[in-house]
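Contents: one structure, followed by commentary.
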Amino acid sequence: MTWDELLGHPFEREPHRTTLARAEAAAAQTEVFPPRDRWFAALDRTAPETVRVVILGQDPYHEPGQANGLAFSVEPGTKLPPSLRNIFRELSADLGCPVPQSGDLGPWADRGVLLLNTVLTVEAGKANSHRDLGWQAFTDEVIAALAALPQPIVLILWGAQAQKKRGLLAPAAGPRLVLESVHPSPLSAHRGFFGSRPFSQANAFLASHGAAPIEWGALG
């Protein structure tokens, strides 16, 4: 089943039809990231029945050549943003694997990690500039739909904005683990993100419920 089917074709009804129209109008007037064909990349890459882990971000990177539609991910060959460097630092400390050289998290998405931003577009150079377009109503529906999926799912919520979504996740049809910590940004990572070990905890939970763990380390 596709996300479009699971959500009942959301962009054929309000308020999501208007949200999409607003984003497309903005993209016609100024540069918007990610490119139009990547707005729904997180949902295109990770089908509902394959989701094993969810990582929530806020909105896409707003500098040229960075955003590719997956939360925290950047285009191949792009310099790692500070938050992603910290994520990789914790990954290496947690699992003992080498720090990935590529910031493209597409392989995670293909392995069942839903990398969803709560706002799907941003104006170039203006962080969080599309927060009022209405994307959150759509992504809240996506998050709520996760509760109905039967498979074991780990929800990794970094920072206060992501943690506000926890209430959308209950009651759940299948086993769930919610892992919360401060955001991996340089402003907060030393206050509890480092040492939180989300990757090993996620894999231990999945294995305990008979699901395959995520191969976190191999990103190219």
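In the structure tokens, each chain is lettered A, B, ... as it comes, each chain's residues begin at 1, and ligands are numbered from 1 in order of appearance.
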How close does each residue of segment 103-211 of chain A get to segment 7-23 of chain A, giving the shortest atom pair and distance in Å to one decimal for every residue with an atom at most 12 Å away, counting only C-alpha atoms, sorted by chain and residue number, as JSON lines?
{"residue": "A:Val119", "atom": "CA", "partner": "A:Ala23", "partner_atom": "CA", "distance": 10.7}
{"residue": "A:Leu120", "atom": "CA", "partner": "A:Ala23", "partner_atom": "CA", "distance": 9.2}
{"residue": "A:Thr121", "atom": "CA", "partner": "A:Ala23", "partner_atom": "CA", "distance": 7.3}
{"residue": "A:Val122", "atom": "CA", "partner": "A:Ala23", "partner_atom": "CA", "distance": 8.9}
{"residue": "A:Glu123", "atom": "CA", "partner": "A:Ala23", "partner_atom": "CA", "distance": 9.7}
{"residue": "A:Ser129", "atom": "CA", "partner": "A:Ala23", "partner_atom": "CA", "distance": 11.1}
{"residue": "A:His130", "atom": "CA", "partner": "A:Ala23", "partner_atom": "CA", "distance": 8.0}
{"residue": "A:Arg131", "atom": "CA", "partner": "A:Ala23", "partner_atom": "CA", "distance": 10.8}
{"residue": "A:Asp132", "atom": "CA", "partner": "A:Thr19", "partner_atom": "CA", "distance": 9.2}
{"residue": "A:Leu133", "atom": "CA", "partner": "A:Thr19", "partner_atom": "CA", "distance": 5.6}
{"residue": "A:Gly134", "atom": "CA", "partner": "A:Thr19", "partner_atom": "CA", "distance": 5.3}
{"residue": "A:Trp135", "atom": "CA", "partner": "A:Thr19", "partner_atom": "CA", "distance": 6.3}
{"residue": "A:Gln136", "atom": "CA", "partner": "A:Thr19", "partner_atom": "CA", "distance": 9.6}
{"residue": "A:Ala137", "atom": "CA", "partner": "A:His16", "partner_atom": "CA", "distance": 7.5}
{"residue": "A:Phe138", "atom": "CA", "partner": "A:His16", "partner_atom": "CA", "distance": 6.4}
{"residue": "A:Thr139", "atom": "CA", "partner": "A:His16", "partner_atom": "CA", "distance": 10.0}
{"residue": "A:Asp140", "atom": "CA", "partner": "A:Leu7", "partner_atom": "CA", "distance": 10.9}
{"residue": "A:Glu141", "atom": "CA", "partner": "A:Leu7", "partner_atom": "CA", "distance": 7.3}
{"residue": "A:Val142", "atom": "CA", "partner": "A:Leu7", "partner_atom": "CA", "distance": 7.3}
{"residue": "A:Ile143", "atom": "CA", "partner": "A:Leu7", "partner_atom": "CA", "distance": 10.5}
{"residue": "A:Ala144", "atom": "CA", "partner": "A:Leu7", "partner_atom": "CA", "distance": 9.8}
{"residue": "A:Ala145", "atom": "CA", "partner": "A:Leu7", "partner_atom": "CA", "distance": 7.3}
{"residue": "A:Leu146", "atom": "CA", "partner": "A:Leu7", "partner_atom": "CA", "distance": 10.5}
{"residue": "A:Ala148", "atom": "CA", "partner": "A:Leu7", "partner_atom": "CA", "distance": 11.2}
Save the residues we just selected, C-alpha atoms, as a PDB file, in the first residue's frame?
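Final output, saved to selection-v7.pdb:
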ATOM      1  CA  VAL A 119       7.500  20.847   7.092  1.00  0.00           C
ATOM      2  CA  LEU A 120       8.381  19.634   3.595  1.00  0.00           C
ATOM      3  CA  THR A 121       9.641  22.796   1.876  1.00  0.00           C
ATOM      4  CA  VAL A 122      11.635  25.937   2.665  1.00  0.00           C
ATOM      5  CA  GLU A 123      12.543  29.143   0.874  1.00  0.00           C
ATOM      6  CA  SER A 129      10.091  30.021   6.253  1.00  0.00           C
ATOM      7  CA  HIS A 130       7.309  27.638   5.163  1.00  0.00           C
ATOM      8  CA  ARG A 131       6.115  26.778   8.661  1.00  0.00           C
ATOM      9  CA  ASP A 132       2.787  28.542   7.983  1.00  0.00           C
ATOM     10  CA  LEU A 133       1.915  26.847   4.682  1.00  0.00           C
ATOM     11  CA  GLY A 134       0.077  24.030   6.460  1.00  0.00           C
ATOM     12  CA  TRP A 135       2.448  21.114   5.913  1.00  0.00           C
ATOM     13  CA  GLN A 136       2.191  20.092   9.573  1.00  0.00           C
ATOM     14  CA  ALA A 137      -1.451  19.044   9.148  1.00  0.00           C
ATOM     15  CA  PHE A 138      -0.342  16.616   6.439  1.00  0.00           C
ATOM     16  CA  THR A 139       2.703  15.251   8.219  1.00  0.00           C
ATOM     17  CA  ASP A 140       0.680  14.895  11.427  1.00  0.00           C
ATOM     18  CA  GLU A 141      -1.623  12.577   9.454  1.00  0.00           C
ATOM     19  CA  VAL A 142       1.387  10.583   8.336  1.00  0.00           C
ATOM     20  CA  ILE A 143       2.633  10.265  11.928  1.00  0.00           C
ATOM     21  CA  ALA A 144      -0.828   9.306  13.184  1.00  0.00           C
ATOM     22  CA  ALA A 145      -1.118   6.680  10.437  1.00  0.00           C
ATOM     23  CA  LEU A 146       1.998   5.007  11.818  1.00  0.00           C
ATOM     24  CA  ALA A 148      -2.194   1.756  12.731  1.00  0.00           C
TER      25      ALA A 148
END
Can you list, as a VMD selection string, every residue of segment 6-219 of chain A that DSSP puts in strand (DSSP E)? chain A and resid 32 to 33 53 to 57 113 to 117 122 to 123 153 to 158 176 to 181
Suppose we keep N, CA and C atoms; can you now write the selection as a compact mmCIF listing (two decimals), in the first residue's frame?
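selection.txt, written as the output of this step:
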# COMPACT_ATOMS: atom_id res chain seq x y z
N VAL A 32 12.94 27.38 -3.95
CA VAL A 32 12.44 26.58 -2.83
C VAL A 32 13.22 25.27 -2.81
N PHE A 33 13.54 24.81 -1.61
CA PHE A 33 14.23 23.53 -1.44
C PHE A 33 13.35 22.56 -0.67
N VAL A 53 11.83 2.21 11.58
CA VAL A 53 12.29 3.31 12.43
C VAL A 53 11.80 4.60 11.80
N VAL A 54 11.43 5.57 12.64
CA VAL A 54 11.05 6.90 12.19
C VAL A 54 11.95 7.92 12.87
N ILE A 55 12.55 8.80 12.08
CA ILE A 55 13.31 9.93 12.61
C ILE A 55 12.65 11.20 12.08
N LEU A 56 12.22 12.05 13.00
CA LEU A 56 11.52 13.28 12.62
C LEU A 56 12.47 14.47 12.61
N GLY A 57 12.42 15.25 11.54
CA GLY A 57 13.12 16.52 11.47
C GLY A 57 12.13 17.67 11.44
N VAL A 113 13.91 3.22 7.28
CA VAL A 113 13.95 4.37 8.19
C VAL A 113 13.21 5.52 7.53
N LEU A 114 12.06 5.88 8.07
CA LEU A 114 11.29 7.00 7.54
C LEU A 114 11.89 8.30 8.07
N LEU A 115 12.48 9.07 7.16
CA LEU A 115 13.18 10.31 7.51
C LEU A 115 12.28 11.48 7.15
N LEU A 116 11.36 11.81 8.03
CA LEU A 116 10.27 12.74 7.73
C LEU A 116 10.48 14.09 8.39
N ASN A 117 10.50 15.14 7.58
CA ASN A 117 10.42 16.50 8.13
C ASN A 117 8.97 16.86 8.37
N VAL A 122 11.07 24.75 2.03
CA VAL A 122 11.63 25.94 2.67
C VAL A 122 12.10 26.89 1.57
N GLU A 123 12.00 28.17 1.81
CA GLU A 123 12.54 29.14 0.87
C GLU A 123 14.05 29.22 1.03
N ILE A 153 7.88 -0.73 15.44
CA ILE A 153 8.42 0.53 14.94
C ILE A 153 9.08 1.28 16.10
N VAL A 154 10.27 1.82 15.83
CA VAL A 154 10.97 2.67 16.78
C VAL A 154 10.83 4.11 16.31
N LEU A 155 10.46 4.98 17.23
CA LEU A 155 10.31 6.40 16.92
C LEU A 155 11.40 7.17 17.64
N ILE A 156 12.27 7.81 16.88
CA ILE A 156 13.38 8.57 17.43
C ILE A 156 13.05 10.05 17.34
N LEU A 157 12.86 10.67 18.50
CA LEU A 157 12.39 12.05 18.56
C LEU A 157 13.49 12.90 19.19
N TRP A 158 14.16 13.67 18.35
CA TRP A 158 15.26 14.53 18.80
C TRP A 158 14.78 15.97 18.91
N ARG A 176 5.85 -0.69 19.93
CA ARG A 176 6.47 0.61 19.68
C ARG A 176 7.52 0.90 20.76
N LEU A 177 8.58 1.56 20.33
CA LEU A 177 9.57 2.10 21.26
C LEU A 177 9.79 3.55 20.88
N VAL A 178 9.66 4.46 21.85
CA VAL A 178 9.91 5.88 21.62
C VAL A 178 11.21 6.25 22.33
N LEU A 179 12.16 6.77 21.55
CA LEU A 179 13.45 7.22 22.10
C LEU A 179 13.52 8.73 21.96
N GLU A 180 13.71 9.42 23.07
CA GLU A 180 13.75 10.88 23.06
C GLU A 180 15.08 11.38 23.61
N SER A 181 15.57 12.44 23.01
CA SER A 181 16.74 13.13 23.55
C SER A 181 16.71 14.56 23.05
Smallest atom-to-atom distance to Pro48 of chain A: which of A:Gly167, A:Gly174, A:Gly195, A:Pro150, using only C-alpha atoms?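 Nearest candidate to Pro48 of chain A out of A:Gly167, A:Gly174, A:Gly195, A:Pro150: A:Pro150.
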Separation of atom CA of Lys165 of chain A from atom CA of Gly217 of chain A, in Å and rounded to one decimal: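 Pair atom CA of Lys165 of chain A / atom CA of Gly217 of chain A returns 27.2 Å.
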To one decimal in Å, tell me the separation between atom CA of Glu5 of chain A and atom CA of Trp108 of chain A.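 Between atom CA of Glu5 of chain A and atom CA of Trp108 of chain A the gap works out to 23.1 Å.
The shortest atom-to-atom distance to Arg38 of chain A, with only C-alpha atoms taken into account, belongs to A:Ala71 out of A:Val99, A:Ala71, A:Ala124, A:Val51.
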Between A:Ala41, A:Ile87, A:Val182, A:Leu187, which is the closest to Gln161 of chain A once you count only C-alpha atoms? A:Val182
Exercise: Arg89 of chain A partners within 12 Å, only C-alpha atoms, chain neighbours under 3 positions left out, as a VMD selection string: chain A and resid 80 82 to 86 92 to 101 184 to 186 189 to 190 193 to 197 199 217
